[in-house]
Structures are given as C-alpha cells and as structure tokens.
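Printed here is input.txt (compact mmCIF, N, CA and C atoms):
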```
# COMPACT_ATOMS: atom_id res chain seq x y z
N GLN A 1 121.96 -95.77 -29.99
CA GLN A 1 120.76 -96.57 -30.16
C GLN A 1 119.56 -95.81 -29.60
N SER A 2 118.50 -95.71 -30.40
CA SER A 2 117.32 -94.99 -29.96
C SER A 2 116.53 -95.82 -28.96
N GLN A 3 116.10 -95.18 -27.88
CA GLN A 3 115.27 -95.89 -26.91
C GLN A 3 114.49 -94.90 -26.07
N LEU A 4 113.42 -95.41 -25.50
CA LEU A 4 112.56 -94.64 -24.62
C LEU A 4 112.55 -95.32 -23.25
N VAL A 5 112.78 -94.54 -22.22
CA VAL A 5 112.81 -95.08 -20.86
C VAL A 5 112.01 -94.17 -19.94
N GLU A 6 110.94 -94.72 -19.36
CA GLU A 6 110.10 -93.95 -18.45
C GLU A 6 110.57 -94.11 -17.00
N SER A 7 110.28 -93.09 -16.21
CA SER A 7 110.57 -93.14 -14.78
C SER A 7 109.66 -92.15 -14.06
N GLY A 8 109.63 -92.25 -12.74
CA GLY A 8 108.89 -91.28 -11.94
C GLY A 8 107.57 -91.75 -11.39
N GLY A 9 107.17 -92.97 -11.74
CA GLY A 9 105.91 -93.48 -11.22
C GLY A 9 106.00 -93.78 -9.72
N GLY A 10 104.85 -94.10 -9.14
CA GLY A 10 104.82 -94.42 -7.72
C GLY A 10 103.42 -94.41 -7.17
N LEU A 11 103.33 -94.47 -5.86
CA LEU A 11 102.05 -94.45 -5.15
C LEU A 11 101.81 -93.03 -4.63
N VAL A 12 100.63 -92.51 -4.91
CA VAL A 12 100.30 -91.15 -4.48
C VAL A 12 98.84 -91.12 -4.05
N GLN A 13 98.53 -90.26 -3.11
CA GLN A 13 97.16 -90.13 -2.64
C GLN A 13 96.33 -89.30 -3.62
N PRO A 14 95.03 -89.51 -3.63
CA PRO A 14 94.17 -88.66 -4.48
C PRO A 14 94.40 -87.18 -4.17
N GLY A 15 94.46 -86.39 -5.23
CA GLY A 15 94.75 -84.97 -5.08
C GLY A 15 96.22 -84.63 -5.15
N GLY A 16 97.07 -85.64 -5.12
CA GLY A 16 98.50 -85.44 -5.15
C GLY A 16 99.05 -85.22 -6.55
N SER A 17 100.38 -85.12 -6.63
CA SER A 17 101.05 -84.85 -7.91
C SER A 17 102.21 -85.81 -8.12
N LEU A 18 102.51 -86.04 -9.38
CA LEU A 18 103.68 -86.80 -9.80
C LEU A 18 104.20 -86.18 -11.08
N ARG A 19 105.50 -86.32 -11.30
CA ARG A 19 106.07 -85.93 -12.58
C ARG A 19 106.75 -87.16 -13.19
N LEU A 20 106.25 -87.55 -14.33
CA LEU A 20 106.85 -88.66 -15.07
C LEU A 20 107.88 -88.12 -16.05
N SER A 21 108.93 -88.90 -16.25
CA SER A 21 109.98 -88.54 -17.19
C SER A 21 110.12 -89.62 -18.24
N CYS A 22 110.43 -89.19 -19.45
CA CYS A 22 110.69 -90.12 -20.55
C CYS A 22 112.01 -89.71 -21.17
N ALA A 23 113.02 -90.55 -21.00
CA ALA A 23 114.30 -90.32 -21.66
C ALA A 23 114.16 -90.79 -23.10
N ALA A 24 114.20 -89.84 -24.01
CA ALA A 24 113.88 -90.13 -25.41
C ALA A 24 115.12 -90.03 -26.29
N SER A 25 116.10 -90.86 -26.00
CA SER A 25 117.34 -90.83 -26.75
C SER A 25 117.11 -91.22 -28.21
N GLY A 26 117.55 -90.36 -29.12
CA GLY A 26 117.39 -90.64 -30.54
C GLY A 26 116.05 -90.23 -31.13
N PHE A 27 115.21 -89.58 -30.34
CA PHE A 27 113.86 -89.21 -30.80
C PHE A 27 113.62 -87.70 -30.72
N THR A 28 114.66 -86.92 -30.86
CA THR A 28 114.55 -85.47 -30.75
C THR A 28 113.57 -84.88 -31.76
N SER A 29 113.50 -85.46 -32.95
CA SER A 29 112.66 -84.90 -34.00
C SER A 29 111.32 -85.62 -34.13
N HIS A 30 110.99 -86.44 -33.14
CA HIS A 30 109.72 -87.18 -33.17
C HIS A 30 108.67 -86.54 -32.27
N VAL A 31 107.43 -86.71 -32.66
CA VAL A 31 106.33 -86.45 -31.75
C VAL A 31 106.36 -87.52 -30.67
N ILE A 32 106.19 -87.11 -29.43
CA ILE A 32 106.17 -88.05 -28.31
C ILE A 32 104.80 -88.03 -27.65
N GLY A 33 104.27 -89.21 -27.42
CA GLY A 33 102.99 -89.33 -26.75
C GLY A 33 103.13 -90.06 -25.43
N TRP A 34 102.27 -89.69 -24.49
CA TRP A 34 102.14 -90.44 -23.24
C TRP A 34 100.82 -91.21 -23.29
N PHE A 35 100.88 -92.46 -22.91
CA PHE A 35 99.71 -93.33 -22.86
C PHE A 35 99.65 -93.98 -21.48
N ARG A 36 98.50 -94.53 -21.17
CA ARG A 36 98.37 -95.31 -19.94
C ARG A 36 97.48 -96.52 -20.20
N GLN A 37 97.70 -97.52 -19.37
CA GLN A 37 96.92 -98.75 -19.49
C GLN A 37 96.56 -99.25 -18.11
N ALA A 38 95.27 -99.29 -17.83
CA ALA A 38 94.77 -99.83 -16.57
C ALA A 38 94.53 -101.33 -16.75
N PRO A 39 94.53 -102.09 -15.67
CA PRO A 39 94.30 -103.54 -15.76
C PRO A 39 92.99 -103.85 -16.48
N GLY A 40 93.07 -104.72 -17.47
CA GLY A 40 91.89 -105.13 -18.20
C GLY A 40 91.38 -104.14 -19.22
N LYS A 41 92.12 -103.05 -19.42
CA LYS A 41 91.68 -102.03 -20.37
C LYS A 41 92.73 -101.83 -21.46
N GLU A 42 92.30 -101.20 -22.54
CA GLU A 42 93.21 -100.92 -23.63
C GLU A 42 94.09 -99.72 -23.28
N ARG A 43 95.23 -99.66 -23.96
CA ARG A 43 96.11 -98.52 -23.80
C ARG A 43 95.43 -97.28 -24.39
N GLU A 44 95.43 -96.19 -23.63
CA GLU A 44 94.76 -94.98 -24.09
C GLU A 44 95.72 -93.79 -24.09
N GLY A 45 95.52 -92.90 -25.06
CA GLY A 45 96.35 -91.71 -25.14
C GLY A 45 96.04 -90.72 -24.04
N VAL A 46 97.08 -90.17 -23.46
CA VAL A 46 96.95 -89.19 -22.38
C VAL A 46 97.34 -87.80 -22.88
N SER A 47 98.50 -87.72 -23.53
CA SER A 47 98.98 -86.42 -23.98
C SER A 47 100.01 -86.61 -25.08
N CYS A 48 100.27 -85.53 -25.79
CA CYS A 48 101.17 -85.57 -26.93
C CYS A 48 101.88 -84.22 -27.03
N ILE A 49 103.13 -84.24 -27.50
CA ILE A 49 103.86 -83.00 -27.75
C ILE A 49 104.52 -83.13 -29.11
N SER A 50 104.42 -82.08 -29.91
CA SER A 50 104.92 -82.13 -31.28
C SER A 50 106.43 -82.19 -31.33
N SER A 51 106.96 -82.46 -32.51
CA SER A 51 108.41 -82.57 -32.68
C SER A 51 109.10 -81.24 -32.36
N SER A 52 108.44 -80.12 -32.63
CA SER A 52 109.03 -78.81 -32.33
C SER A 52 108.78 -78.38 -30.89
N GLY A 53 107.85 -79.04 -30.23
CA GLY A 53 107.48 -78.64 -28.88
C GLY A 53 106.47 -77.51 -28.84
N ALA A 54 106.08 -77.02 -30.01
CA ALA A 54 105.21 -75.85 -30.07
C ALA A 54 103.74 -76.18 -29.83
N SER A 55 103.36 -77.42 -30.06
CA SER A 55 101.96 -77.77 -29.86
C SER A 55 101.83 -79.02 -29.02
N THR A 56 100.74 -79.06 -28.28
CA THR A 56 100.45 -80.19 -27.40
C THR A 56 98.98 -80.58 -27.55
N ASN A 57 98.66 -81.74 -27.05
CA ASN A 57 97.29 -82.19 -27.06
C ASN A 57 97.06 -83.07 -25.84
N TYR A 58 95.81 -83.12 -25.38
CA TYR A 58 95.50 -83.87 -24.17
C TYR A 58 94.17 -84.60 -24.32
N ALA A 59 94.07 -85.72 -23.65
CA ALA A 59 92.79 -86.38 -23.53
C ALA A 59 91.87 -85.52 -22.66
N ASP A 60 90.58 -85.55 -22.94
CA ASP A 60 89.64 -84.73 -22.17
C ASP A 60 89.73 -85.02 -20.68
N SER A 61 90.00 -86.25 -20.34
CA SER A 61 90.00 -86.67 -18.94
C SER A 61 91.13 -86.05 -18.12
N VAL A 62 92.15 -85.53 -18.80
CA VAL A 62 93.31 -84.98 -18.05
C VAL A 62 93.52 -83.49 -18.31
N LYS A 63 92.74 -82.90 -19.19
CA LYS A 63 92.90 -81.47 -19.49
C LYS A 63 92.76 -80.64 -18.23
N GLY A 64 93.69 -79.70 -18.07
CA GLY A 64 93.66 -78.84 -16.90
C GLY A 64 94.39 -79.41 -15.71
N ARG A 65 94.73 -80.70 -15.77
CA ARG A 65 95.43 -81.34 -14.64
C ARG A 65 96.84 -81.80 -15.02
N PHE A 66 97.02 -82.22 -16.27
CA PHE A 66 98.32 -82.72 -16.73
C PHE A 66 98.96 -81.70 -17.68
N THR A 67 100.29 -81.66 -17.64
CA THR A 67 101.04 -80.79 -18.55
C THR A 67 102.23 -81.56 -19.11
N ILE A 68 102.33 -81.56 -20.43
CA ILE A 68 103.45 -82.22 -21.10
C ILE A 68 104.47 -81.17 -21.52
N SER A 69 105.75 -81.53 -21.47
CA SER A 69 106.81 -80.62 -21.89
C SER A 69 108.00 -81.44 -22.34
N ARG A 70 108.93 -80.79 -23.02
CA ARG A 70 110.13 -81.50 -23.43
C ARG A 70 111.34 -80.60 -23.31
N ASP A 71 112.47 -81.23 -23.02
CA ASP A 71 113.76 -80.55 -22.89
C ASP A 71 114.69 -81.15 -23.92
N TYR A 72 114.94 -80.42 -25.00
CA TYR A 72 115.74 -80.96 -26.10
C TYR A 72 117.19 -81.16 -25.69
N ALA A 73 117.70 -80.31 -24.85
CA ALA A 73 119.09 -80.42 -24.43
C ALA A 73 119.34 -81.73 -23.67
N LYS A 74 118.32 -82.18 -22.95
CA LYS A 74 118.47 -83.41 -22.16
C LYS A 74 117.79 -84.61 -22.82
N ASN A 75 117.16 -84.40 -23.97
CA ASN A 75 116.41 -85.47 -24.65
C ASN A 75 115.35 -86.06 -23.73
N MET A 76 114.65 -85.20 -23.03
CA MET A 76 113.65 -85.65 -22.07
C MET A 76 112.27 -85.09 -22.41
N VAL A 77 111.26 -85.88 -22.10
CA VAL A 77 109.87 -85.45 -22.18
C VAL A 77 109.24 -85.71 -20.82
N TYR A 78 108.52 -84.73 -20.33
CA TYR A 78 107.95 -84.83 -18.99
C TYR A 78 106.42 -84.79 -19.03
N LEU A 79 105.82 -85.42 -18.04
CA LEU A 79 104.37 -85.32 -17.86
C LEU A 79 104.12 -84.96 -16.40
N GLN A 80 103.77 -83.70 -16.19
CA GLN A 80 103.42 -83.25 -14.85
C GLN A 80 101.96 -83.55 -14.60
N MET A 81 101.69 -84.32 -13.55
CA MET A 81 100.33 -84.76 -13.26
C MET A 81 99.90 -84.20 -11.90
N ASN A 82 98.90 -83.35 -11.92
CA ASN A 82 98.37 -82.75 -10.69
C ASN A 82 96.94 -83.20 -10.45
N SER A 83 96.47 -82.97 -9.24
CA SER A 83 95.08 -83.32 -8.87
C SER A 83 94.74 -84.73 -9.29
N LEU A 84 95.61 -85.65 -8.96
CA LEU A 84 95.44 -87.03 -9.41
C LEU A 84 94.21 -87.68 -8.80
N LYS A 85 93.59 -88.54 -9.60
CA LYS A 85 92.39 -89.26 -9.20
C LYS A 85 92.66 -90.76 -9.28
N SER A 86 91.82 -91.53 -8.62
CA SER A 86 92.01 -92.98 -8.63
C SER A 86 91.95 -93.54 -10.05
N GLU A 87 91.15 -92.90 -10.91
CA GLU A 87 91.03 -93.39 -12.29
C GLU A 87 92.26 -93.09 -13.13
N ASP A 88 93.24 -92.36 -12.59
CA ASP A 88 94.50 -92.14 -13.29
C ASP A 88 95.47 -93.30 -13.09
N THR A 89 95.10 -94.24 -12.26
CA THR A 89 95.95 -95.39 -11.99
C THR A 89 96.18 -96.22 -13.24
N GLY A 90 97.42 -96.65 -13.43
CA GLY A 90 97.75 -97.50 -14.57
C GLY A 90 99.24 -97.49 -14.83
N VAL A 91 99.64 -98.24 -15.84
CA VAL A 91 101.03 -98.20 -16.30
C VAL A 91 101.11 -97.12 -17.39
N TYR A 92 102.04 -96.22 -17.22
CA TYR A 92 102.22 -95.11 -18.15
C TYR A 92 103.40 -95.39 -19.07
N TYR A 93 103.15 -95.19 -20.37
CA TYR A 93 104.15 -95.43 -21.39
C TYR A 93 104.38 -94.16 -22.21
N CYS A 94 105.61 -93.97 -22.64
CA CYS A 94 105.84 -92.95 -23.67
C CYS A 94 106.16 -93.66 -24.97
N GLY A 95 105.73 -93.04 -26.05
CA GLY A 95 105.91 -93.62 -27.36
C GLY A 95 106.37 -92.56 -28.35
N ALA A 96 107.07 -93.00 -29.39
CA ALA A 96 107.52 -92.11 -30.46
C ALA A 96 106.66 -92.35 -31.69
N LEU A 97 106.00 -91.27 -32.13
CA LEU A 97 105.13 -91.36 -33.29
C LEU A 97 105.95 -91.57 -34.55
N GLN A 98 105.36 -92.20 -35.56
CA GLN A 98 106.04 -92.41 -36.84
C GLN A 98 106.67 -91.09 -37.31
N HIS A 99 107.92 -91.18 -37.77
CA HIS A 99 108.77 -89.99 -37.89
C HIS A 99 108.26 -88.95 -38.87
N TRP A 100 107.38 -89.34 -39.84
CA TRP A 100 106.90 -88.37 -40.82
C TRP A 100 105.71 -87.56 -40.31
N ILE A 101 105.20 -87.91 -39.15
CA ILE A 101 104.09 -87.18 -38.54
C ILE A 101 104.68 -86.19 -37.53
N ARG A 102 104.53 -84.90 -37.77
CA ARG A 102 105.21 -83.88 -36.98
C ARG A 102 104.36 -83.23 -35.91
N GLY A 103 103.04 -83.41 -36.03
CA GLY A 103 102.16 -82.73 -35.09
C GLY A 103 101.26 -83.68 -34.33
N CYS A 104 100.61 -83.15 -33.30
CA CYS A 104 99.68 -83.94 -32.48
C CYS A 104 98.26 -83.78 -33.02
N TYR A 105 98.04 -84.32 -34.19
CA TYR A 105 96.74 -84.19 -34.82
C TYR A 105 95.70 -85.03 -34.10
N ASP A 106 94.51 -84.46 -33.97
CA ASP A 106 93.46 -85.09 -33.15
C ASP A 106 93.17 -86.53 -33.54
N LEU A 107 93.18 -86.83 -34.83
CA LEU A 107 92.80 -88.17 -35.28
C LEU A 107 93.99 -89.12 -35.34
N THR A 108 95.18 -88.64 -35.04
CA THR A 108 96.38 -89.46 -35.20
C THR A 108 97.04 -89.81 -33.88
N TRP A 109 97.29 -88.80 -33.04
CA TRP A 109 98.16 -89.06 -31.89
C TRP A 109 97.62 -90.10 -30.92
N PRO A 110 96.29 -90.25 -30.75
CA PRO A 110 95.84 -91.26 -29.78
C PRO A 110 95.91 -92.70 -30.28
N ARG A 111 96.26 -92.91 -31.54
CA ARG A 111 96.27 -94.25 -32.13
C ARG A 111 97.58 -94.96 -31.86
N THR A 112 97.52 -96.05 -31.13
CA THR A 112 98.74 -96.78 -30.78
C THR A 112 99.43 -97.35 -32.02
N ASP A 113 98.68 -97.63 -33.09
CA ASP A 113 99.30 -98.21 -34.29
C ASP A 113 100.12 -97.20 -35.07
N LYS A 114 100.09 -95.93 -34.66
CA LYS A 114 100.89 -94.91 -35.32
C LYS A 114 102.25 -94.70 -34.64
N TYR A 115 102.53 -95.49 -33.62
CA TYR A 115 103.78 -95.34 -32.87
C TYR A 115 104.75 -96.45 -33.23
N ASP A 116 106.02 -96.03 -33.46
CA ASP A 116 107.06 -96.98 -33.84
C ASP A 116 107.76 -97.60 -32.64
N SER A 117 107.88 -96.84 -31.58
CA SER A 117 108.68 -97.30 -30.44
C SER A 117 107.97 -96.97 -29.14
N TRP A 118 108.19 -97.83 -28.15
CA TRP A 118 107.59 -97.67 -26.83
C TRP A 118 108.64 -97.91 -25.75
N GLY A 119 108.41 -97.27 -24.62
CA GLY A 119 109.22 -97.59 -23.46
C GLY A 119 108.63 -98.78 -22.71
N GLN A 120 109.23 -99.11 -21.58
CA GLN A 120 108.80 -100.29 -20.83
C GLN A 120 107.67 -99.99 -19.86
N GLY A 121 107.42 -98.70 -19.60
CA GLY A 121 106.32 -98.30 -18.74
C GLY A 121 106.73 -98.05 -17.30
N THR A 122 105.94 -97.23 -16.62
CA THR A 122 106.15 -96.95 -15.20
C THR A 122 104.77 -96.95 -14.52
N GLN A 123 104.69 -97.59 -13.37
CA GLN A 123 103.41 -97.76 -12.69
C GLN A 123 103.04 -96.51 -11.89
N VAL A 124 101.82 -96.07 -12.07
CA VAL A 124 101.26 -94.98 -11.26
C VAL A 124 100.04 -95.52 -10.53
N THR A 125 100.05 -95.41 -9.22
CA THR A 125 98.91 -95.86 -8.41
C THR A 125 98.41 -94.70 -7.57
N VAL A 126 97.15 -94.37 -7.75
CA VAL A 126 96.54 -93.29 -6.98
C VAL A 126 95.54 -93.92 -6.01
N SER A 127 95.89 -93.88 -4.74
CA SER A 127 95.08 -94.56 -3.75
C SER A 127 95.35 -93.97 -2.37
N SER A 128 94.31 -93.98 -1.54
CA SER A 128 94.48 -93.52 -0.16
C SER A 128 94.79 -94.69 0.76
```
Transcribe the structure of this file into structure tokens.
Amino acid sequence: QSQLVESGGGLVQPGGSLRLSCAASGFTSHVIGWFRQAPGKEREGVSCISSSGASTNYADSVKGRFTISRDYAKNMVYLQMNSLKSEDTGVYYCGALQHWIRGCYDLTWPRTDKYDSWGQGTQVTVSS
C-alpha cells in the first residue's frame, strides 16, 4: 500500500538545523514535494525533487538553506534544513505529485491541487 509518512520535526533554536524524513513507500517514480503550513496560513511549497532525482526546486524563502534529496533504496526523501528562522515554523508535509508529471516545473510543483497523496505532517517549531 502506497503511503507517505513524515518524521524528524521538533523544537529548534533560530540558526539551528533539522532533517525531515519522508517515507515514500510506493512512490519511487513520483515527484515528491515538501510543503509547510503555519497557523492561519495556506499550505505553501518548500521544495521539490523530480522522479529521477536529477532536478530539484526550492521556494525563494529557503534557497541556500534547505536541501532536498532522495534515497531510492530506502524509499526515503529528506529535507535538510539549516539556518532555521522563526518564520520556518509550521507543520511540514510531503506530497506525491500526480504520476504523469515527472519534473519540478516552476508553475506546477507548488500547486497543492497537483498532488495525489499527502502524509500526516510533522511539526517544526523554531523558537528561542
């Protein structure tokens, strides 16, 4: 059964690091996106990795600080988050893009309506 399960969230001080994991069983050939949702705000795209792993994309707000990667042998997708800021606080979700979309195209990957499946989310809190 295909499913997405996030883990790795927690409380971290500003400037700190966290690595989020997404167990993406059954989604080896899908584009995987990371999103976050702060209280009272809409879910926003953070990063994306293509089905081949060859291309990635990032929201401007996290470029240079976050790195997405995937391990096909373990069916895992990771989001390494460095230099964390208070505005990075939120629930982080991984999602599987519709299976016929193979790349992280600028106009597609940030759209939540293009995702077929979502995990349950993991809370990230950046606070001193």
Problem set entry | chain A: residues DSSP assigns to helix (DSSP H, G or I), reported as a list of chain:residue names | A:Ser86, A:Glu87, A:Asp88, A:Thr112, A:Asp113, A:Lys114
Kindly save the residues from that selection, with N, CA and C atoms included, as a CSV table (one decimal), in the coordinates of the input.
```csv
chain,number,residue,atom,x,y,z
A,86,SER,N,91.8,-91.5,-8.6
A,86,SER,CA,92.0,-93.0,-8.6
A,86,SER,C,92.0,-93.5,-10.0
A,87,GLU,N,91.2,-92.9,-10.9
A,87,GLU,CA,91.0,-93.4,-12.3
A,87,GLU,C,92.3,-93.1,-13.1
A,88,ASP,N,93.2,-92.4,-12.6
A,88,ASP,CA,94.5,-92.1,-13.3
A,88,ASP,C,95.5,-93.3,-13.1
A,112,THR,N,97.5,-96.0,-31.1
A,112,THR,CA,98.7,-96.8,-30.8
A,112,THR,C,99.4,-97.4,-32.0
A,113,ASP,N,98.7,-97.6,-33.1
A,113,ASP,CA,99.3,-98.2,-34.3
A,113,ASP,C,100.1,-97.2,-35.1
A,114,LYS,N,100.1,-95.9,-34.7
A,114,LYS,CA,100.9,-94.9,-35.3
A,114,LYS,C,102.2,-94.7,-34.6
```
For this session: List every residue of chain A that DSSP, applied to the backbone of this structure, places in strand (DSSP E), and write the result as JSON, numbers by chain.
Result: {"A": [3, 4, 5, 6, 7, 10, 11, 12, 18, 19, 20, 21, 22, 23, 24, 25, 32, 33, 34, 35, 36, 37, 44, 45, 46, 47, 48, 49, 56, 57, 58, 66, 67, 68, 69, 70, 71, 76, 77, 78, 79, 80, 81, 90, 91, 92, 93, 94, 95, 96, 97, 115, 116, 117, 118, 122, 123, 124, 125, 126]}
Exercise. Out of A:Gly45, A:Gly15, A:Gly64, A:Gly53, which residue has the shortest atom-to-atom distance to A:Gly33 when counting only C-alpha atoms?
Worked result: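 Closest candidate: A:Gly45.
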Exercise. Need the neighbours of (96.3, -94.8, -25.3): which residues are at most 8 Å away, counting only C-alpha atoms, as a list in words?
Worked result: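 All residues meeting the 8 Å criterion around (96.3, -94.8, -25.3) are Trp34, Phe35, Arg36, Gln37, Glu42, Arg43, Glu44, Gly45, Val46, Pro110, Arg111 and Thr112 of chain A.
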Exercise. With only C-alpha atoms as the basis for distance, which of A:Asn57, A:Asn75, A:Gln13, A:Gln123 is at the shortest distance from A:Ser29?
Worked result: A:Asn75
